[in-house]
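S.K.: Sharing coords_32.txt here; it has compact mmCIF, C-alpha atoms and all ligand atoms.
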# COMPACT_ATOMS: atom_id res chain seq x y z
CA MET G 130 107.44 61.17 133.18
CA LEU G 131 106.83 58.15 130.94
CA SER G 132 103.23 59.19 130.39
CA LEU G 133 104.32 62.72 129.47
CA TYR G 134 106.80 61.27 127.00
CA LYS G 135 104.10 59.06 125.47
CA LEU G 136 101.78 62.01 125.03
CA TYR G 137 104.63 64.07 123.59
CA THR G 138 105.43 61.44 120.95
CA LEU G 139 101.75 61.08 120.00
CA LEU G 140 101.27 64.83 119.64
CA ALA G 141 104.62 65.27 117.89
CA GLU G 142 103.14 63.59 114.78
CA GLY G 143 101.22 66.81 114.30
CA THR G 144 97.77 65.25 113.90
CA SER G 145 94.70 66.03 115.95
CA HIS G 146 93.87 63.75 118.91
CA SER G 147 90.81 63.56 121.12
CA PRO G 148 91.40 63.11 124.87
CA GLN G 149 89.98 59.60 124.48
CA THR G 150 92.47 58.52 121.78
CA LEU G 151 95.33 60.06 123.70
CA SER G 152 94.17 58.15 126.75
CA GLN G 153 93.87 54.83 124.89
CA LYS G 154 97.24 55.16 123.17
CA SER G 155 99.17 56.45 126.16
CA GLY G 156 97.55 54.53 129.00
CA VAL G 157 96.93 57.83 130.86
CA SER G 158 93.41 58.08 132.27
CA ALA G 159 91.18 60.39 130.17
CA PHE G 160 90.47 62.37 133.33
CA LEU G 161 94.16 63.26 133.64
CA ILE G 162 94.77 64.18 130.00
CA PRO G 163 93.95 67.94 130.35
CA HIS G 164 96.31 68.17 133.33
CA LYS G 165 99.14 66.40 131.46
CA ILE G 166 98.58 68.64 128.42
CA GLU G 167 98.93 71.68 130.70
CA GLN G 168 102.22 70.24 131.97
CA LEU G 169 103.48 69.85 128.39
CA LYS G 170 102.44 73.44 127.65
CA GLU G 171 104.35 74.64 130.70
CA MET G 172 107.40 72.85 129.33
CA GLY G 173 107.10 74.99 126.21
CA LEU G 174 105.17 72.71 123.87
CA GLU G 175 102.78 74.69 121.67
CA VAL G 176 99.58 72.64 121.96
CA ARG G 177 96.37 73.94 120.38
CA ASN G 178 92.84 73.01 121.49
CA PHE G 179 90.52 72.62 118.53
CA LYS G 180 87.00 71.14 118.59
CA LYS G 181 87.75 69.38 121.90
CA CYS G 182 90.87 67.83 120.37
CA TYR G 183 94.54 68.59 120.85
CA ARG G 184 97.14 69.14 118.20
CA LEU G 185 100.56 70.72 118.01
CA LYS G 186 101.01 74.04 116.26
CA HIS G 187 103.95 72.44 114.42
CA SER G 188 104.85 68.76 114.15
CA ILE G 189 108.18 67.68 115.66
CA GLU G 190 110.50 64.83 114.72
CA VAL G 191 111.22 63.17 118.05
CA LEU G 192 114.91 62.47 118.72
CA ASN G 193 115.90 58.82 118.44
CA ALA G 194 119.41 57.53 119.12
CA GLU G 195 119.12 54.63 116.68
CA VAL G 196 118.04 56.93 113.86
CA ILE G 197 120.85 59.37 114.66
CA ARG G 198 123.35 56.52 114.61
CA SER G 199 122.04 55.33 111.24
CA TYR G 200 123.05 58.67 109.66
CA LEU G 201 126.61 58.65 111.04
CA THR G 202 129.64 58.26 108.81
CA PRO G 203 131.81 55.17 109.51
CA LEU G 204 134.35 57.47 111.17
CA ALA G 205 131.74 58.93 113.51
CA GLN G 206 130.24 55.46 114.13
CA SER G 207 133.51 54.30 115.59
CA PHE G 208 134.21 57.60 117.37
CA PHE G 209 130.99 57.72 119.42
CA HIS G 210 130.84 54.85 121.88
CA ALA G 211 127.44 55.77 123.23
CA ILE G 212 124.60 57.93 121.90
CA GLU G 213 121.54 58.45 124.05
CA THR G 214 118.42 60.54 123.77
CA ARG G 215 116.34 61.47 126.81
CA PHE G 216 113.02 63.18 127.14
CA MET G 217 113.81 65.28 130.19
CA VAL G 218 117.00 65.84 132.20
CA ASP G 219 118.28 68.56 134.53
CA SER G 220 121.16 69.50 132.25
CA THR G 221 122.71 67.20 129.66
CA GLN G 222 126.12 68.48 130.86
CA ASP G 223 125.60 66.98 134.30
CA THR G 224 123.45 63.92 133.49
CA LEU G 225 125.94 62.74 130.88
CA VAL G 226 128.82 62.64 133.35
CA VAL G 227 126.86 60.76 135.99
CA GLU G 228 124.66 58.41 133.98
CA VAL G 229 126.02 57.69 130.51
CA PRO G 230 129.05 55.42 129.93
CA PRO G 231 132.27 57.44 129.52
CA HIS G 232 134.51 57.93 126.44
CA ASN G 233 133.04 59.85 123.56
CA ALA G 234 129.47 59.56 124.77
CA VAL G 235 126.72 61.91 123.61
CA LEU G 236 123.47 62.74 125.31
CA PHE G 237 120.63 64.60 123.60
CA ALA G 238 117.59 65.88 125.47
CA GLU G 239 114.18 67.09 124.34
CA TYR G 240 113.85 69.22 127.47
CA GLN G 241 116.20 70.44 130.19
CA THR G 242 114.90 71.67 133.51
CA LYS G 243 118.22 73.24 134.52
CA GLY G 244 119.98 73.96 131.25
CA ARG G 245 123.22 75.82 131.89
CA GLY G 246 124.71 78.64 129.84
CA ARG G 247 128.11 80.30 130.16
CA ALA G 248 129.10 82.27 133.24
CA GLY G 249 126.43 80.67 135.42
CA ARG G 250 123.56 81.81 133.22
CA THR G 251 120.42 79.77 132.68
CA TRP G 252 119.87 78.12 129.30
CA VAL G 253 116.21 78.02 128.27
CA ASN G 254 115.35 74.74 126.52
CA PRO G 255 111.64 74.50 125.65
CA LEU G 256 110.35 71.00 124.95
CA GLY G 257 111.20 69.85 121.41
CA GLY G 258 112.29 73.36 120.43
CA GLN G 259 116.02 72.83 120.20
CA LEU G 260 118.86 70.56 119.38
CA ALA G 261 120.58 70.30 122.74
CA PHE G 262 123.30 67.83 123.55
CA SER G 263 126.48 67.21 125.50
CA LEU G 264 129.49 65.20 124.46
CA LEU G 265 132.05 63.78 126.84
CA TRP G 266 135.45 63.76 125.19
CA LYS G 267 138.83 62.71 126.50
CA THR G 268 141.68 64.77 125.10
CA LYS G 269 145.46 64.79 125.33
CA ARG G 270 145.60 68.53 124.69
CA GLY G 271 146.67 70.63 127.63
CA SER G 272 144.41 73.09 129.39
CA GLU G 273 146.14 76.02 127.63
CA ASP G 274 144.65 74.78 124.32
CA LEU G 275 141.16 74.30 125.62
CA SER G 276 140.24 78.00 125.51
CA GLY G 277 140.01 77.53 121.75
CA LEU G 278 137.84 74.42 121.85
CA SER G 279 134.53 76.28 121.86
CA LEU G 280 135.64 78.06 118.67
CA VAL G 281 136.40 74.72 117.03
CA VAL G 282 132.99 73.36 118.02
CA GLY G 283 131.28 76.55 116.82
CA ILE G 284 133.01 76.25 113.45
CA ALA G 285 131.87 72.62 113.16
CA VAL G 286 128.25 73.54 113.84
CA ALA G 287 128.40 76.56 111.51
CA LYS G 288 129.93 74.46 108.72
CA THR G 289 127.23 71.83 109.09
CA LEU G 290 124.46 74.41 108.92
CA ARG G 291 126.06 76.11 105.92
CA HIS G 292 126.08 72.76 104.07
CA GLN G 293 122.40 72.44 104.91
CA GLY G 294 121.60 75.78 103.33
CA VAL G 295 121.69 78.16 106.30
CA SER G 296 123.54 81.23 105.08
CA ASN G 297 124.84 84.28 106.93
CA LEU G 298 125.72 82.36 110.06
CA LYS G 299 128.45 83.96 112.16
CA LEU G 300 130.30 83.08 115.35
CA LYS G 301 130.66 85.57 118.15
CA TRP G 302 133.68 84.91 120.33
CA PRO G 303 133.85 82.79 122.35
CA ASN G 304 130.75 80.69 122.02
CA ASP G 305 127.72 82.21 120.30
CA LEU G 306 126.16 81.11 117.03
CA ILE G 307 124.74 84.25 115.45
CA LEU G 308 122.16 84.35 112.67
CA ARG G 309 121.19 87.74 111.22
CA GLY G 310 122.58 89.48 114.31
CA LYS G 311 120.65 87.37 116.84
CA LYS G 312 121.71 84.44 118.99
CA LEU G 313 120.84 81.08 117.44
CA GLY G 314 122.76 78.94 119.88
CA GLY G 315 125.66 78.62 122.23
CA ILE G 316 128.45 76.33 123.31
CA LEU G 317 129.49 75.47 126.82
CA ILE G 318 132.71 73.66 127.67
CA ASP G 319 133.17 72.10 131.12
CA VAL G 320 136.66 70.78 131.86
CA LEU G 321 136.79 67.69 134.08
CA GLU G 322 140.30 67.08 135.29
CA THR G 323 141.15 63.66 136.62
CA GLU G 324 144.61 62.51 137.71
CA SER G 325 145.29 60.49 134.59
CA SER G 326 143.63 62.45 131.81
CA GLN G 327 141.68 65.49 130.83
CA SER G 328 138.08 65.15 129.79
CA VAL G 329 135.79 67.85 128.58
CA VAL G 330 132.05 68.04 128.33
CA ILE G 331 131.09 69.93 125.20
CA GLY G 332 127.55 71.28 125.36
CA VAL G 333 125.73 72.61 122.31
CA GLY G 334 122.31 74.23 122.35
CA MET G 335 120.69 75.46 119.14
CA ASN G 336 117.22 76.95 118.71
CA LEU G 337 115.12 75.16 116.11
CA ARG G 338 111.74 76.68 116.84
CA LEU G 339 111.01 79.00 119.73
CA ALA G 340 107.54 80.34 120.53
CA ARG G 341 107.27 84.13 120.44
CA THR G 342 106.62 84.22 124.19
CA VAL G 343 109.81 82.24 124.86
CA LYS G 344 111.83 84.61 122.66
CA GLN G 345 110.41 87.56 124.60
CA ASP G 346 111.38 86.03 127.94
CA ILE G 347 115.04 85.60 127.02
CA HIS G 348 117.18 88.58 128.05
CA GLN G 349 118.83 89.01 124.64
CA PRO G 350 117.74 88.96 120.98
CA VAL G 351 117.41 85.31 119.94
CA THR G 352 116.43 83.57 116.75
CA ASP G 353 115.72 80.06 115.47
CA LEU G 354 115.71 77.96 112.30
CA ALA G 355 111.94 78.13 111.81
CA CYS G 356 112.40 79.36 108.22
CA HIS G 357 114.28 76.12 107.38
CA PRO G 358 111.44 73.55 107.67
CA LEU G 359 113.49 70.77 106.07
CA LEU G 360 116.01 70.94 108.89
CA LEU G 361 113.28 71.02 111.51
CA HIS G 362 111.54 67.98 110.08
CA ASN G 363 114.79 66.03 110.11
CA ARG G 364 116.15 66.70 113.57
CA ASN G 365 117.84 63.29 113.79
CA ALA G 366 119.62 63.78 110.46
CA LEU G 367 120.69 67.27 111.52
CA ALA G 368 121.97 65.92 114.84
CA ALA G 369 123.99 63.27 113.00
CA SER G 370 125.44 65.78 110.52
CA ILE G 371 126.70 67.88 113.41
CA LEU G 372 128.25 64.81 115.05
CA ASN G 373 129.86 63.83 111.73
CA THR G 374 131.52 67.23 111.34
CA LEU G 375 132.45 67.33 115.03
CA THR G 376 134.22 63.99 114.74
CA GLU G 377 136.51 65.35 112.06
CA SER G 378 137.04 68.66 113.86
CA LEU G 379 137.90 67.06 117.20
CA ARG G 380 140.41 64.73 115.55
CA LEU G 381 142.04 67.69 113.84
CA PHE G 382 142.03 69.71 117.06
CA GLU G 383 143.62 66.77 118.89
CA SER G 384 146.54 66.70 116.46
CA GLY G 385 146.92 70.40 115.67
CA GLY G 386 145.11 72.49 118.30
CA CYS G 387 143.39 75.68 117.13
CA GLU G 388 145.85 76.59 114.39
CA PRO G 389 144.18 74.62 111.54
CA PHE G 390 140.89 76.42 112.24
CA LEU G 391 142.06 80.02 112.26
CA GLN G 392 141.34 80.73 108.60
CA GLU G 393 137.81 79.38 108.90
CA TRP G 394 137.26 81.44 112.03
CA GLN G 395 138.17 84.60 110.12
CA SER G 396 135.38 84.06 107.62
CA LEU G 397 132.86 83.49 110.42
CA ASP G 398 134.05 86.11 112.93
CA PHE G 399 131.07 88.28 113.90
CA LEU G 400 133.13 90.70 115.98
CA PHE G 401 135.97 91.36 113.54
CA GLY G 402 136.55 95.10 113.08
CA LYS G 403 133.77 96.00 115.49
CA ALA G 404 134.13 98.33 118.45
CA ILE G 405 133.48 96.21 121.51
CA GLU G 406 133.39 96.53 125.24
CA TRP G 407 133.91 93.91 127.88
CA LYS G 408 133.92 93.75 131.61
CA MET G 409 136.97 92.82 133.62
CA GLY G 410 136.03 92.75 137.26
CA ASP G 411 134.38 96.09 137.90
CA THR G 412 135.91 97.98 135.02
CA THR G 413 134.60 98.28 131.50
CA GLN G 414 137.22 98.10 128.77
CA ARG G 415 136.83 99.20 125.16
CA GLY G 416 138.66 98.33 121.96
CA VAL G 417 138.33 97.06 118.41
CA ALA G 418 138.16 93.29 117.83
CA GLU G 419 140.91 91.99 115.56
CA GLY G 420 140.28 88.25 115.36
CA VAL G 421 141.74 85.46 117.47
CA ASN G 422 145.29 84.22 118.07
CA ALA G 423 146.55 80.63 117.81
CA ARG G 424 145.28 79.86 121.31
CA GLY G 425 141.77 80.99 120.41
CA GLU G 426 142.02 84.14 122.54
CA LEU G 427 140.29 87.28 121.30
CA CYS G 428 142.68 89.98 120.11
CA VAL G 429 141.55 93.52 120.78
CA ARG G 430 143.25 96.73 119.73
CA GLN G 431 143.36 99.39 122.42
CA GLU G 432 145.08 102.49 121.05
CA GLU G 433 148.43 101.14 119.82
CA ALA G 434 148.49 97.91 121.83
CA ILE G 435 146.88 94.56 121.09
CA GLN G 436 145.43 92.76 124.06
CA ALA G 437 144.51 89.08 124.14
CA ILE G 438 141.37 88.27 126.08
CA VAL G 439 141.25 84.72 127.40
CA CYS G 440 138.10 82.73 127.80
CA GLY G 441 136.69 83.59 131.17
CA ASP G 442 133.89 85.45 132.78
CA ILE G 443 134.10 88.33 130.34
CA SER G 444 131.11 89.54 128.44
CA VAL G 445 131.79 90.96 125.03
CA LYS G 446 129.27 93.05 123.21
CA ALA G 447 129.48 94.87 119.93
CA LEU G 448 128.87 98.60 120.33
CA LEU G 449 126.47 100.29 117.92
C1 LIG G 501 125.74 79.75 126.21
O1 LIG G 501 125.47 80.31 125.15
O2 LIG G 501 125.78 80.39 127.28
C2 LIG G 501 126.03 78.28 126.22
C3 LIG G 501 124.76 77.49 126.10
C4 LIG G 501 124.98 75.99 126.12
C5 LIG G 501 123.67 75.25 126.18
C6 LIG G 501 123.86 73.78 126.04
S1 LIG G 501 122.33 72.93 125.79
C7 LIG G 501 123.13 71.40 126.01
C8 LIG G 501 124.09 71.59 127.15
N1 LIG G 501 123.43 71.39 128.42
C9 LIG G 501 123.40 72.50 129.15
O3 LIG G 501 122.92 72.60 130.28
N2 LIG G 501 124.01 73.49 128.49
C10 LIG G 501 124.51 73.07 127.20
What's the structure tokens form of this structure?

M.R.:
Amino acid sequence: MLSLYKLYTLLAEGTSHSPQTLSQKSGVSAFLIPHKIEQLKEMGLEVRNFKKCYRLKHSIEVLNAEVIRSYLTPLAQSFFHAIETRFMVDSTQDTLVVEVPPHNAVLFAEYQTKGRGRAGRTWVNPLGGQLAFSLLWKTKRGSEDLSGLSLVVGIAVAKTLRHQGVSNLKLKWPNDLILRGKKLGGILIDVLETESSQSVVIGVGMNLRLARTVKQDIHQPVTDLACHPLLLHNRNALAASILNTLTESLRLFESGGCEPFLQEWQSLDFLFGKAIEWKMGDTTQRGVAEGVNARGELCVRQEEAIQAIVCGDISVKALL
């Protein structure tokens, strides 16, 4: 794995390398270079062969915990007790809990072999193509408040991107970041209940640049931030900006729950006023989305009644 990481960092610069230079700089035998390059391609890295040399289609700024930390505000510096970046993990959600020190720890990964989405779905995380991280956070809020946490996190990410010049970003209840009608990212909250406290693992995955073939393989329309090269070339700064906003949002959520975020949600609500359908067990229900309540539940009008849908295994889709 170390040799793959070495090759990844060399190629990430975006310049052209012969197999010999890659071998010298990485310590991998020249004979093995083509095989390792194939492995990187299988992980989703877009490597081009040109005049017997290798180069990436697009350069990538490799994630670096020290650099991320250097961009944090003083508040975030003291909030995050550990920040780690890894090349490859199963899922940052699971690795974080087992391997990284507890209390406000964050783990970023360049590649996840078993990325998890909501409702047991797979999360596709091509090498270097996303910003994917998990944050372990201990909270005093009760489980009844936690259904709204993914909204709060979504708002924090959306706000950060808006400040960085990404317009038209919306949030689709409960956890999708939507850009021009397509999924840009998602949020996954795992609740870990121990006897003494309640901890949550907040997972965020956001597409920065996805190859066309990867987009085609995903079962729903997805998009990325490829038309924002400044953001892509400053992945560490972008990661830190999200952590900075998240710090403030989590502190506010800790003291006030979802309530302080409701107005912001309204301006970002992708579903508001749309006819939607969702599955409850075997039955399909229909209604019109009317925003969220103070617990972060989705309010849906069905004839004269308003129904609140709680976070659960319910899929919501806007009808055409
Ligand atoms: C969804 O939209 O279904 C939620 C996707 C959450 C993906 C992130 S990527 C970082 C973290 N690790 C995972 O395995 N999943 C979350």

S.K.: Restrict the calculation to all atoms listed in the file, then for each residue of chain G with any atom at most 8 Å from an atom of ligand LIG 501 (chain G) give the closest atom pair and their distance in Å to one decimal, rows by chain and rising residue number, as CSV.

M.R.:
residue,atom,partner,partner_atom,distance
G:Asp219,CA,G:LIG501,O3,7.5
G:Ser220,CA,G:LIG501,O3,4.1
G:Thr221,CA,G:LIG501,N1,4.4
G:Gln222,CA,G:LIG501,N1,4.7
G:Asp223,CA,G:LIG501,O3,7.4
G:Phe237,CA,G:LIG501,C7,7.6
G:Ala238,CA,G:LIG501,C7,7.8
G:Gln241,CA,G:LIG501,O3,7.1
G:Lys243,CA,G:LIG501,O3,6.4
G:Gly244,CA,G:LIG501,O3,3.4
G:Arg245,CA,G:LIG501,O3,3.6
G:Gly246,CA,G:LIG501,O2,3.3
G:Arg247,CA,G:LIG501,O2,3.7
G:Ala248,CA,G:LIG501,O2,7.1
G:Arg250,CA,G:LIG501,O2,6.5
G:Thr251,CA,G:LIG501,O2,7.6
G:Trp252,CA,G:LIG501,C5,5.7
G:Asn254,CA,G:LIG501,S1,7.2
G:Leu260,CA,G:LIG501,S1,7.7
G:Ala261,CA,G:LIG501,C7,4.3
G:Phe262,CA,G:LIG501,C7,4.3
G:Ser263,CA,G:LIG501,C8,5.3
G:Asn304,CA,G:LIG501,O1,6.1
G:Asp305,CA,G:LIG501,O1,5.7
G:Gly314,CA,G:LIG501,O1,6.1
G:Gly315,CA,G:LIG501,O1,3.4
G:Ile316,CA,G:LIG501,C2,4.3
G:Leu317,CA,G:LIG501,C2,4.5
G:Ile331,CA,G:LIG501,C8,7.5
G:Gly332,CA,G:LIG501,C8,3.9
G:Val333,CA,G:LIG501,C6,4.3
G:Gly334,CA,G:LIG501,S1,3.7
G:Met335,CA,G:LIG501,S1,7.3

S.K.: If I take CA of Val253 (chain G) and CA of Thr289 (chain G), how far is one from the other in Å, to one decimal?

M.R.: 23.0 Å

S.K.: Can you work out which one of G:Trp394, G:Tyr200, G:Trp302, G:Tyr240 has the shortest atom-to-atom distance to Tyr134 (chain G), counting only C-alpha atoms?

M.R.: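 Using only C-alpha atoms, the shortest distance to Tyr134 (chain G) belongs to G:Tyr240.
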
S.K.: Let me make sure I understand: among G:Lys154, G:Arg430, G:Lys186, G:Arg380, which one has the smallest atom-to-atom distance to Asn233 (chain G) if we use only C-alpha atoms?

M.R.: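 For Asn233 (chain G), the nearest of the given residues is G:Arg380.
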
S.K.: Which residues come within 12 Å of Thr138 (chain G), counting all atoms listed in the file, excluding same-chain residues fewer than 4 positions away, as number ranges by chain?

M.R.: G: 131-134, 142-144, 146, 151, 154-155, 169, 174, 184-185, 188-193, 216, 239, 256-257

S.K.: For a cut-off of 12 Å around (146.8, 94.0, 123.6), file coordinates, pick out all residues using only C-alpha atoms and list them as a compact mmCIF listing (two decimals) with C-alpha atoms, in the frame of the given file.

M.R.:
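Resulting contents of point_34.txt:
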# COMPACT_ATOMS: atom_id res chain seq x y z
CA GLN G 414 137.22 98.10 128.77
CA ARG G 415 136.83 99.20 125.16
CA GLY G 416 138.66 98.33 121.96
CA VAL G 417 138.33 97.06 118.41
CA ALA G 418 138.16 93.29 117.83
CA GLU G 419 140.91 91.99 115.56
CA GLY G 420 140.28 88.25 115.36
CA VAL G 421 141.74 85.46 117.47
CA ASN G 422 145.29 84.22 118.07
CA GLU G 426 142.02 84.14 122.54
CA LEU G 427 140.29 87.28 121.30
CA CYS G 428 142.68 89.98 120.11
CA VAL G 429 141.55 93.52 120.78
CA ARG G 430 143.25 96.73 119.73
CA GLN G 431 143.36 99.39 122.42
CA GLU G 432 145.08 102.49 121.05
CA GLU G 433 148.43 101.14 119.82
CA ALA G 434 148.49 97.91 121.83
CA ILE G 435 146.88 94.56 121.09
CA GLN G 436 145.43 92.76 124.06
CA ALA G 437 144.51 89.08 124.14
CA ILE G 438 141.37 88.27 126.08
CA VAL G 439 141.25 84.72 127.40

S.K.: From the set G:Gly386, G:Phe160, G:Leu391, G:Ala368, which residue has the shortest atom-to-atom contact distance to Ser272 (chain G), counting all atoms listed in the file?

M.R.: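 Smallest separation from Ser272 (chain G) among the options: G:Gly386.
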
S.K.: When you write region 233-260 of chain G out from the block above, keep N, CA and C atoms and present the result as a short mmCIF file (atom, residue, chain, number, x, y, z; two decimals), in the first residue's frame, please.

M.R.:
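Result went into result-v1.cif, see below:
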data_model
loop_
_atom_site.label_atom_id
_atom_site.label_comp_id
_atom_site.auth_asym_id
_atom_site.auth_seq_id
_atom_site.Cartn_x
_atom_site.Cartn_y
_atom_site.Cartn_z
N ASN G 233 -13.94 14.30 19.14
CA ASN G 233 -13.78 15.28 18.06
C ASN G 233 -12.59 14.96 17.15
N ALA G 234 -12.54 13.72 16.72
CA ALA G 234 -11.47 13.32 15.80
C ALA G 234 -12.03 13.26 14.39
N VAL G 235 -11.19 13.61 13.42
CA VAL G 235 -11.62 13.58 12.01
C VAL G 235 -10.68 12.71 11.21
N LEU G 236 -11.24 11.94 10.32
CA LEU G 236 -10.43 11.11 9.44
C LEU G 236 -10.84 11.35 7.99
N PHE G 237 -9.87 11.78 7.19
CA PHE G 237 -10.09 11.94 5.74
C PHE G 237 -9.46 10.75 5.02
N ALA G 238 -10.03 10.37 3.90
CA ALA G 238 -9.40 9.31 3.10
C ALA G 238 -9.40 9.70 1.63
N GLU G 239 -8.32 9.28 0.95
CA GLU G 239 -8.24 9.50 -0.50
C GLU G 239 -9.10 8.46 -1.23
N TYR G 240 -9.22 7.29 -0.60
CA TYR G 240 -9.93 6.18 -1.27
C TYR G 240 -10.56 5.29 -0.22
N GLN G 241 -11.81 4.90 -0.46
CA GLN G 241 -12.48 3.97 0.46
C GLN G 241 -12.88 2.72 -0.32
N THR G 242 -12.52 1.57 0.22
CA THR G 242 -12.87 0.33 -0.47
C THR G 242 -14.31 -0.10 -0.17
N LYS G 243 -14.81 0.31 1.01
CA LYS G 243 -16.17 -0.06 1.38
C LYS G 243 -16.93 1.15 1.90
N GLY G 244 -16.89 2.23 1.11
CA GLY G 244 -17.61 3.44 1.50
C GLY G 244 -19.09 3.11 1.68
N ARG G 245 -19.67 3.67 2.73
CA ARG G 245 -21.09 3.37 3.03
C ARG G 245 -21.96 4.59 2.79
N GLY G 246 -23.10 4.37 2.15
CA GLY G 246 -24.10 5.41 2.00
C GLY G 246 -25.26 5.13 2.94
N ARG G 247 -26.32 5.94 2.83
CA ARG G 247 -27.49 5.72 3.69
C ARG G 247 -28.21 4.45 3.30
N ALA G 248 -28.97 3.91 4.25
CA ALA G 248 -29.84 2.76 4.02
C ALA G 248 -29.08 1.58 3.41
N GLY G 249 -27.85 1.37 3.87
CA GLY G 249 -27.09 0.20 3.45
C GLY G 249 -26.53 0.29 2.04
N ARG G 250 -26.65 1.46 1.42
CA ARG G 250 -26.14 1.56 0.05
C ARG G 250 -24.62 1.72 0.05
N THR G 251 -24.03 1.43 -1.12
CA THR G 251 -22.59 1.57 -1.27
C THR G 251 -22.28 3.01 -1.67
N TRP G 252 -21.18 3.54 -1.14
CA TRP G 252 -20.75 4.88 -1.53
C TRP G 252 -19.48 4.74 -2.37
N VAL G 253 -19.54 5.20 -3.60
CA VAL G 253 -18.40 5.06 -4.51
C VAL G 253 -17.43 6.22 -4.29
N ASN G 254 -16.19 5.89 -3.96
CA ASN G 254 -15.17 6.89 -3.64
C ASN G 254 -13.90 6.65 -4.46
N PRO G 255 -13.89 7.12 -5.73
CA PRO G 255 -12.70 6.92 -6.55
C PRO G 255 -11.49 7.65 -5.97
N LEU G 256 -10.32 7.10 -6.19
CA LEU G 256 -9.09 7.65 -5.62
C LEU G 256 -8.87 9.13 -5.99
N GLY G 257 -8.77 9.96 -4.95
CA GLY G 257 -8.48 11.39 -5.14
C GLY G 257 -9.62 12.20 -5.73
N GLY G 258 -10.78 11.56 -5.93
CA GLY G 258 -11.88 12.24 -6.64
C GLY G 258 -12.87 12.92 -5.72
N GLN G 259 -12.68 12.79 -4.43
CA GLN G 259 -13.68 13.36 -3.52
C GLN G 259 -13.03 14.05 -2.33
N LEU G 260 -13.90 14.65 -1.54
CA LEU G 260 -13.53 15.03 -0.19
C LEU G 260 -14.40 14.12 0.67
#
